[in-house]
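Undergrad: Structure file input-v6.cif (mmCIF, C-alpha atoms) is given on the next line.
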data_run
#
loop_
_atom_site.group_PDB
_atom_site.id
_atom_site.type_symbol
_atom_site.label_atom_id
_atom_site.label_comp_id
_atom_site.auth_asym_id
_atom_site.auth_seq_id
_atom_site.Cartn_x
_atom_site.Cartn_y
_atom_site.Cartn_z
ATOM 1 C CA MET A 247 172.242 92.061 76.944
ATOM 2 C CA THR A 248 169.525 94.738 76.983
ATOM 3 C CA ASN A 249 170.281 98.440 77.401
ATOM 4 C CA TYR A 250 168.031 100.533 79.681
ATOM 5 C CA THR A 251 166.551 102.497 76.762
ATOM 6 C CA GLU A 252 164.787 99.319 75.620
ATOM 7 C CA PHE A 253 162.599 99.210 78.744
ATOM 8 C CA PRO A 254 159.294 101.089 78.289
ATOM 9 C CA ASP A 255 159.624 103.100 81.524
ATOM 10 C CA LEU A 256 163.126 104.283 80.580
ATOM 11 C CA ALA A 257 162.825 104.773 76.816
ATOM 12 C CA ASP A 258 162.405 108.562 77.183
ATOM 13 C CA VAL A 259 164.977 109.125 79.945
ATOM 14 C CA TYR A 260 168.679 109.934 79.646
ATOM 15 C CA LEU A 261 170.333 108.420 82.719
ATOM 16 C CA GLU A 262 173.916 109.387 81.872
ATOM 17 C CA ASP A 263 173.207 113.082 82.629
ATOM 18 C CA SER A 264 170.689 112.446 85.406
ATOM 19 C CA PHE A 265 171.816 113.099 88.982
ATOM 20 C CA VAL A 266 171.615 110.364 91.633
ATOM 21 C CA LEU A 267 170.450 112.117 94.795
ATOM 22 C CA ALA A 268 170.204 109.026 97.010
ATOM 23 C CA ILE A 269 170.190 105.232 96.867
ATOM 24 C CA ASP A 270 167.744 103.319 99.049
ATOM 25 C CA GLU A 271 168.238 99.597 99.503
ATOM 26 C CA THR A 272 166.017 96.945 101.058
ATOM 27 C CA PRO A 273 166.670 93.190 101.006
ATOM 28 C CA THR A 274 164.512 92.896 97.856
ATOM 29 C CA SER A 275 164.815 96.223 96.035
ATOM 30 C CA LEU A 276 167.137 99.031 95.047
ATOM 31 C CA THR A 277 165.784 102.532 94.475
ATOM 32 C CA PHE A 278 167.625 105.495 93.009
ATOM 33 C CA ARG A 279 166.220 108.937 93.782
ATOM 34 C CA LEU A 280 167.027 111.026 90.747
ATOM 35 C CA GLU A 281 166.946 114.403 89.208
ATOM 36 C CA ALA A 282 166.322 112.750 85.863
ATOM 37 C CA VAL A 283 166.797 114.059 82.356
ATOM 38 C CA LEU A 284 163.684 113.637 80.211
ATOM 39 C CA THR A 285 164.195 113.395 76.456
ATOM 40 C CA GLU A 286 162.093 115.315 73.949
ATOM 41 C CA SER A 287 159.886 112.259 73.379
ATOM 42 C CA HIS A 288 158.849 112.069 77.055
ATOM 43 C CA PRO A 289 155.246 113.305 77.634
ATOM 44 C CA ARG A 290 156.414 115.625 80.464
ATOM 45 C CA TYR A 291 159.292 117.119 78.482
ATOM 46 C CA HIS A 292 159.628 120.886 78.292
ATOM 47 C CA GLN A 293 162.304 123.094 76.793
ATOM 48 C CA PRO A 294 165.221 123.494 79.197
ATOM 49 C CA ARG A 295 165.169 126.746 81.083
ATOM 50 C CA PRO A 296 167.888 129.280 80.250
ATOM 51 C CA ASP A 297 170.187 128.028 83.021
ATOM 52 C CA GLU A 298 169.604 124.308 82.285
ATOM 53 C CA ALA A 299 171.256 121.911 79.892
ATOM 54 C CA HIS A 300 168.269 119.508 79.909
ATOM 55 C CA CYS A 301 164.668 119.058 81.002
ATOM 56 C CA TYR A 302 164.958 117.773 84.581
ATOM 57 C CA ALA A 303 162.373 115.913 86.653
ATOM 58 C CA ASP A 304 162.385 114.508 90.173
ATOM 59 C CA ALA A 305 161.944 110.761 89.877
ATOM 60 C CA VAL A 306 162.626 107.371 91.369
ATOM 61 C CA LEU A 307 164.039 104.369 89.561
ATOM 62 C CA THR A 308 163.332 101.068 91.285
ATOM 63 C CA ILE A 309 164.257 97.491 90.622
ATOM 64 C CA SER A 310 162.148 95.315 92.877
ATOM 65 C CA ASP A 311 161.608 91.626 93.603
ATOM 66 C CA ALA A 312 165.355 91.094 93.869
ATOM 67 C CA THR A 313 166.557 87.711 95.030
ATOM 68 C CA ARG A 314 170.060 89.112 95.548
ATOM 69 C CA ILE A 315 171.758 92.514 95.469
ATOM 70 C CA GLU A 316 175.511 92.282 95.015
ATOM 71 C CA TRP A 317 177.701 95.367 95.279
ATOM 72 C CA VAL A 318 180.848 95.048 93.174
ATOM 73 C CA THR A 319 182.109 98.473 94.266
ATOM 74 C CA ARG A 320 180.528 101.234 96.325
ATOM 75 C CA SER A 321 181.468 104.867 96.880
ATOM 76 C CA SER A 322 180.070 107.412 99.294
ATOM 77 C CA ARG A 323 181.768 110.272 97.476
ATOM 78 C CA THR A 324 179.524 113.229 96.760
ATOM 79 C CA TYR A 325 179.799 115.929 94.139
ATOM 80 C CA ARG A 326 178.921 119.570 94.673
ATOM 81 C CA ASP A 327 177.719 121.829 91.894
ATOM 82 C CA ALA A 328 178.068 125.596 91.555
ATOM 83 C CA THR A 329 174.981 126.197 93.732
ATOM 84 C CA GLY A 330 176.271 123.977 96.542
ATOM 85 C CA GLU A 331 173.831 121.105 95.926
ATOM 86 C CA GLU A 332 175.270 117.628 96.435
ATOM 87 C CA ASP A 333 174.650 114.447 94.496
ATOM 88 C CA LEU A 334 176.229 111.023 94.073
ATOM 89 C CA GLY A 335 177.020 111.433 90.378
ATOM 90 C CA ASN A 336 175.294 109.797 87.430
ATOM 91 C CA ILE A 337 174.172 106.383 86.252
ATOM 92 C CA ASP A 338 176.677 105.609 83.524
ATOM 93 C CA SER A 339 175.086 102.322 82.489
ATOM 94 C CA LEU A 340 172.084 100.138 83.255
ATOM 95 C CA GLN A 341 171.903 96.859 81.396
ATOM 96 C CA ARG A 342 169.955 93.636 81.691
ATOM 97 C CA HIS A 343 172.048 90.486 81.452
ATOM 98 C CA ASP A 344 170.619 86.972 81.507
ATOM 99 C CA ASP A 345 169.470 86.822 85.122
ATOM 100 C CA HIS A 346 170.420 90.213 86.545
ATOM 101 C CA TYR A 347 170.848 93.935 86.033
ATOM 102 C CA GLU A 348 174.254 95.623 86.007
ATOM 103 C CA ILE A 349 174.118 99.254 87.070
ATOM 104 C CA ALA A 350 177.223 101.422 87.357
ATOM 105 C CA GLY A 351 178.114 105.031 88.024
ATOM 106 C CA ASP A 352 180.205 107.336 90.172
ATOM 107 C CA TRP A 353 178.480 105.873 93.270
ATOM 108 C CA GLY A 354 179.507 102.277 92.487
ATOM 109 C CA HIS A 355 178.665 99.127 90.551
ATOM 110 C CA VAL A 356 175.859 96.788 91.560
ATOM 111 C CA ARG A 357 174.284 93.572 90.279
ATOM 112 C CA ILE A 358 170.609 93.089 91.033
ATOM 113 C CA TYR A 359 169.128 89.652 90.470
ATOM 114 C CA SER A 360 165.505 90.232 89.513
ATOM 115 C CA SER A 361 163.187 89.314 86.658
ATOM 116 C CA VAL A 362 161.083 92.473 87.103
ATOM 117 C CA ALA A 363 161.590 95.363 84.667
ATOM 118 C CA PRO A 364 162.912 98.635 86.104
ATOM 119 C CA ARG A 365 160.157 101.026 87.202
ATOM 120 C CA PHE A 366 160.654 104.751 86.617
ATOM 121 C CA THR A 367 158.198 107.063 88.370
ATOM 122 C CA LEU A 368 158.075 110.832 88.384
ATOM 123 C CA THR A 369 157.558 112.256 91.842
ATOM 124 C CA SER A 370 154.925 114.884 92.683
ATOM 125 C CA GLU A 371 157.183 117.700 91.524
ATOM 126 C CA ALA A 372 157.568 116.034 88.166
ATOM 127 C CA THR A 373 159.196 118.823 86.222
ATOM 128 C CA ASN A 374 161.364 121.055 88.341
ATOM 129 C CA PRO A 375 160.637 124.762 88.071
ATOM 130 C CA SER A 376 164.367 125.212 88.418
ATOM 131 C CA ASN A 377 167.336 122.905 88.384
ATOM 132 C CA PRO A 378 168.839 123.031 91.877
ATOM 133 C CA HIS A 379 172.060 121.678 90.448
ATOM 134 C CA GLY A 380 172.405 124.739 88.214
ATOM 135 C CA ASN A 381 173.974 122.743 85.417
ATOM 136 C CA THR A 382 174.306 124.543 82.152
ATOM 137 C CA THR A 383 176.388 121.956 80.326
ATOM 138 C CA ALA A 384 176.077 118.255 79.798
#
Let me see the file written as structure tokens.
TA:
Amino acid sequence: MTNYTEFPDLADVYLEDSFVLAIDETPTSLTFRLEAVLTESHPRYHQPRPDEAHCYADAVLTISDATRIEWVTRSSRTYRDATGEEDLGNIDSLQRHDDHYEIAGDWGHVRIYSSVAPRFTLTSEATNPSNPHGNTTA
């Protein structure tokens, strides 16, 4: 088993406090749109602003070239923060097992059968000037 922090694209990201904004699925890929937490070792890291618990960045996390995507559980429940912004919760775990990835969080639990490493890409607004979720605690 390999934990997500061992993949180069995810080594400097903290998924457990990142917000899942949307999940996009195709027959061969699964993409999480995130307000991701960047760790201090990430090249785009900056000190959290006074009303933030972490350095946040808009990003996408994609696992592509899937031969099968198998939902174990799925939830459409959303969470609302103090500013009224909604999200789907966090990614509590992302691990590579022999022939698949296991990803779980408030939004569900999915197995993705792919041999391609997860790809994490910052979007054009890489480091948010403000955290629309208004979180001040982890």
Undergrad: Quick one: which residues end up in the PyMOL selection byres ((chain A and resi 256) around 10) for this structure, as an NGL selection string?
TA: :A and (249-255 or 257-261 or 284 or 288 or 307 or 363-367)
Undergrad: Convert the output of the PyMOL selection byres ((chain A and resi 353-356) around 10) on the shown file into explicit residues, formatted as a PDB file with C-alpha atoms, keeping the file's coordinate frame.
TA:
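Okay, part36.pdb is ready:
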ATOM      1  CA  VAL A 266     171.615 110.364  91.633  1.00  0.00           C
ATOM      2  CA  ALA A 268     170.204 109.026  97.010  1.00  0.00           C
ATOM      3  CA  ILE A 269     170.190 105.232  96.867  1.00  0.00           C
ATOM      4  CA  LEU A 276     167.137  99.031  95.047  1.00  0.00           C
ATOM      5  CA  ILE A 315     171.758  92.514  95.469  1.00  0.00           C
ATOM      6  CA  GLU A 316     175.511  92.282  95.015  1.00  0.00           C
ATOM      7  CA  TRP A 317     177.701  95.367  95.279  1.00  0.00           C
ATOM      8  CA  VAL A 318     180.848  95.048  93.174  1.00  0.00           C
ATOM      9  CA  THR A 319     182.109  98.473  94.266  1.00  0.00           C
ATOM     10  CA  ARG A 320     180.528 101.234  96.325  1.00  0.00           C
ATOM     11  CA  SER A 321     181.468 104.867  96.880  1.00  0.00           C
ATOM     12  CA  SER A 322     180.070 107.412  99.294  1.00  0.00           C
ATOM     13  CA  ARG A 323     181.768 110.272  97.476  1.00  0.00           C
ATOM     14  CA  THR A 324     179.524 113.229  96.760  1.00  0.00           C
ATOM     15  CA  ASP A 333     174.650 114.447  94.496  1.00  0.00           C
ATOM     16  CA  LEU A 334     176.229 111.023  94.073  1.00  0.00           C
ATOM     17  CA  GLY A 335     177.020 111.433  90.378  1.00  0.00           C
ATOM     18  CA  ASN A 336     175.294 109.797  87.430  1.00  0.00           C
ATOM     19  CA  ILE A 337     174.172 106.383  86.252  1.00  0.00           C
ATOM     20  CA  ASP A 338     176.677 105.609  83.524  1.00  0.00           C
ATOM     21  CA  SER A 339     175.086 102.322  82.489  1.00  0.00           C
ATOM     22  CA  LEU A 340     172.084 100.138  83.255  1.00  0.00           C
ATOM     23  CA  HIS A 346     170.420  90.213  86.545  1.00  0.00           C
ATOM     24  CA  TYR A 347     170.848  93.935  86.033  1.00  0.00           C
ATOM     25  CA  GLU A 348     174.254  95.623  86.007  1.00  0.00           C
ATOM     26  CA  ILE A 349     174.118  99.254  87.070  1.00  0.00           C
ATOM     27  CA  ALA A 350     177.223 101.422  87.357  1.00  0.00           C
ATOM     28  CA  GLY A 351     178.114 105.031  88.024  1.00  0.00           C
ATOM     29  CA  ASP A 352     180.205 107.336  90.172  1.00  0.00           C
ATOM     30  CA  ARG A 357     174.284  93.572  90.279  1.00  0.00           C
ATOM     31  CA  ILE A 358     170.609  93.089  91.033  1.00  0.00           C
ATOM     32  CA  TYR A 359     169.128  89.652  90.470  1.00  0.00           C
TER      33      TYR A 359
END
Undergrad: Go ahead and compute the interatomic distance for atom CA of Asp304 of chain A and atom CA of Pro273 of chain A, in Å to one decimal.
TA: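 If I compute the distance from atom CA of Asp304 of chain A to atom CA of Pro273 of chain A, I get 24.3 Å.
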Undergrad: May I ask for the distance between atom CA of Leu368 of chain A and atom CA of Ser310 of chain A, given in Å to one decimal place?
TA: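 Interatomic distance here is 16.7 Å.
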Undergrad: Taking only C-alpha atoms into account, which of A:Thr248, A:Thr369, A:Ser361, A:Thr285 comes nearest Ala299 of chain A?
TA: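 Comparing A:Thr248, A:Thr369, A:Ser361, A:Thr285 against Ala299 of chain A, the winner is A:Thr285.
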Undergrad: May I ask which of the residues A:Arg342, A:Thr277, A:Gly330, A:Tyr302 is the closest one to Phe265 of chain A, counting only C-alpha atoms?
TA: A:Tyr302
Undergrad: So which residues get picked by the PyMOL selection byres ((chain A and resi 300) around 10) here, written as a list in words?
TA: Tyr260, Asp263, Ser264, Ala282, Val283, Leu284, Thr285, Glu286, Tyr291, His292, Gln293, Pro294, Arg295, Pro296, Asp297, Glu298, Ala299, Cys301, Tyr302, Ala303, Asn377, Asn381, Thr382, Thr383 and Ala384 of chain A
Undergrad: One decimal, in Å: what's the spacing between atom CA of Ala312 of chain A and atom CA of Thr272 of chain A?
TA: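 Here the two named atoms are 9.3 Å from each other.
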Undergrad: Put a box with edges along x, y and z around all the listed atoms of segment 260-279 of chain A, pad it by 5 Å on each side, then give me its centre and sizes in Å, one decimal, as AutoDock Vina command-line options.
TA:
--center_x 169.2 --center_y 103.0 --center_z 90.4 --size_x 19.4 --size_y 30.2 --size_z 31.4
